[in-house]
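Single-structure report; data block below.
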Amino acid sequence: MAHNISSIHTKRALSASLKKLMATKELNRISIREIAEDCGLNRQTFYYHFEDIFDLLRWTYTNELLPLLKCDPEDPDWEGRLLVLFRWLDENRTFCLASLDAIGREHLASTVQKELRHHFRRKVILAGTESALGRPTEEYADFLAEFYCQAISGLLESWLRGNLQQSPQELVHHIHLLLDTQTRGLQALQKEAGR
C-alpha cells in the first residue's frame, strides 16, 4: 500500500512538472530530463512510471480531468459537476492549449467525449422516461448523445482558444438551457407523434 501511495505521489510530481514546463515551452521542446529534474527525480524514475512524455500527458488527463467528468445524469447537481470541469479547464488553460497544439484536438476531445457521451445519452433517455410519452428510441438517444459530444468538444476548444468569452458559469448555464430546450422539444415531438 505504501508503494502505491509513493507511486501516485511520484506520478503527480512528474505531472505537475510537465504542466509547469508546458506553461513556458512547447511540448516537443521539453525533455524527460527536464521534467525529472524539475521535481528532484532522475530520468530512470520517470521511465519506471511512464513510457514517454505522451504517456505522462495521457495520465495527467486521465487522473485530473476524467474524475471531474464522472457525474451521474440523475444527480440533481450534475451542472455543478460540469462547472467543476470547466473551472479545471480554465485554471489549466495554458496546459490544455499546449496539449491541443502538440497532439491535436483528438486527444482532448476523445477524453472528454468518452464520459460526456454516456452522460448525455442517459440524460436524453431520462428526459424521455420522465415524459408521459415514453423513452426515445435507442438510435435517437445515440444520435443526440453523439451530437452533443461533438458540439461541446468543439465548444470547449473554441472557448480554450479564446474565441468565446463566457465564464465557466455562463457556459454551463447555456449547456443547461440547451438540454432543457432539447428535453421540451423531445416531449413536444413525442406528443405530436402520439396524435
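Residue numbering restarts at 1 in every chain; chains get A, B, ... in the order shown in the C-alpha cells, and ligands count up from 1 in that same order.
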**OP:** Tell me, as number ranges by chain, which residues lie within 12 Å of A:Glu34, counting only C-alpha atoms; anything in the same chain fewer than 3 positions away does not count.
**Re:** A: 14, 17-22, 25, 27, 29-31, 37-43, 46, 53
For those residues, write C-alpha atoms to a file as an mmCIF file, in the first residue's frame.
data_model
loop_
_atom_site.group_PDB
_atom_site.id
_atom_site.type_symbol
_atom_site.label_atom_id
_atom_site.label_comp_id
_atom_site.auth_asym_id
_atom_site.auth_seq_id
_atom_site.Cartn_x
_atom_site.Cartn_y
_atom_site.Cartn_z
ATOM 1 C CA LEU A 14 6.018 14.448 -12.657
ATOM 2 C CA SER A 17 6.431 19.456 -13.534
ATOM 3 C CA LEU A 18 5.156 18.751 -17.034
ATOM 4 C CA LYS A 19 2.347 21.284 -16.589
ATOM 5 C CA LYS A 20 4.792 23.853 -15.212
ATOM 6 C CA LEU A 21 7.192 23.400 -18.132
ATOM 7 C CA MET A 22 4.360 23.481 -20.688
ATOM 8 C CA LYS A 25 7.751 25.718 -23.626
ATOM 9 C CA LEU A 27 5.701 20.059 -25.576
ATOM 10 C CA ARG A 29 10.869 21.002 -26.753
ATOM 11 C CA ILE A 30 10.526 19.520 -23.256
ATOM 12 C CA SER A 31 12.830 16.663 -22.350
ATOM 13 C CA GLU A 37 14.997 17.380 -12.626
ATOM 14 C CA ASP A 38 12.218 19.897 -12.054
ATOM 15 C CA CYS A 39 10.706 17.656 -9.397
ATOM 16 C CA GLY A 40 14.010 16.399 -7.983
ATOM 17 C CA LEU A 41 13.980 12.960 -9.606
ATOM 18 C CA ASN A 42 16.156 11.211 -12.154
ATOM 19 C CA ARG A 43 15.311 10.060 -15.676
ATOM 20 C CA PHE A 46 10.451 8.806 -14.931
ATOM 21 C CA ILE A 53 6.067 12.280 -22.254
#
At a cut-off of 12 Å, using only C-alpha atoms, what residues contact A:Glu64? Leave out same-chain residues fewer than 4 positions from it and give the result as a PDB file with C-alpha atoms, in the first residue's frame.
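Once written, out.pdb looks like this:
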ATOM      1  CA  LYS A  11       3.362  10.481 -10.835  1.00  0.00           C
ATOM      2  CA  ARG A  12       1.644  13.606  -9.545  1.00  0.00           C
ATOM      3  CA  SER A  15       2.645  15.643 -13.927  1.00  0.00           C
ATOM      4  CA  ALA A  16       2.964  18.954 -12.060  1.00  0.00           C
ATOM      5  CA  LYS A  19       2.347  21.284 -16.589  1.00  0.00           C
ATOM      6  CA  LEU A  56       2.572  11.193 -18.807  1.00  0.00           C
ATOM      7  CA  LEU A  57       0.270  13.598 -20.650  1.00  0.00           C
ATOM      8  CA  ARG A  58      -2.401  10.882 -21.004  1.00  0.00           C
ATOM      9  CA  TRP A  59      -2.017  10.002 -17.319  1.00  0.00           C
ATOM     10  CA  THR A  60      -2.473  13.664 -16.375  1.00  0.00           C
ATOM     11  CA  LEU A  68     -14.415  15.571 -12.983  1.00  0.00           C
ATOM     12  CA  LEU A  69     -16.483  14.143 -15.838  1.00  0.00           C
ATOM     13  CA  LYS A  70     -17.833  11.222 -13.839  1.00  0.00           C
ATOM     14  CA  VAL A  84     -16.042  21.987 -11.771  1.00  0.00           C
ATOM     15  CA  LEU A  85     -14.852  20.572 -15.111  1.00  0.00           C
ATOM     16  CA  TRP A  88     -10.404  22.990 -14.128  1.00  0.00           C
ATOM     17  CA  LEU A  89     -10.069  23.674 -17.850  1.00  0.00           C
ATOM     18  CA  ASN A  92      -5.276  24.728 -16.691  1.00  0.00           C
ATOM     19  CA  CYS A  96      -4.707  22.357 -22.307  1.00  0.00           C
ATOM     20  CA  THR A 111     -11.007  12.147 -23.310  1.00  0.00           C
ATOM     21  CA  VAL A 112     -13.952  14.498 -22.823  1.00  0.00           C
TER      22      VAL A 112
END
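For the pair atom CA of A:Thr45 and atom CA of A:Ile8, the interatomic distance is 12.6 Å.
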**OP:** Pick out the closest residue to A:Ala98 from this set: A:Glu170, A:Glu157, A:Asp52, A:Asp180. Count only C-alpha atoms.
**Re:**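 Closest to A:Ala98 of all the choices is A:Glu157.
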Subject >> Which of stretch 7-109 of chain A fall in helix (DSSP H, G or I), as a count of residues only >> reply: 80
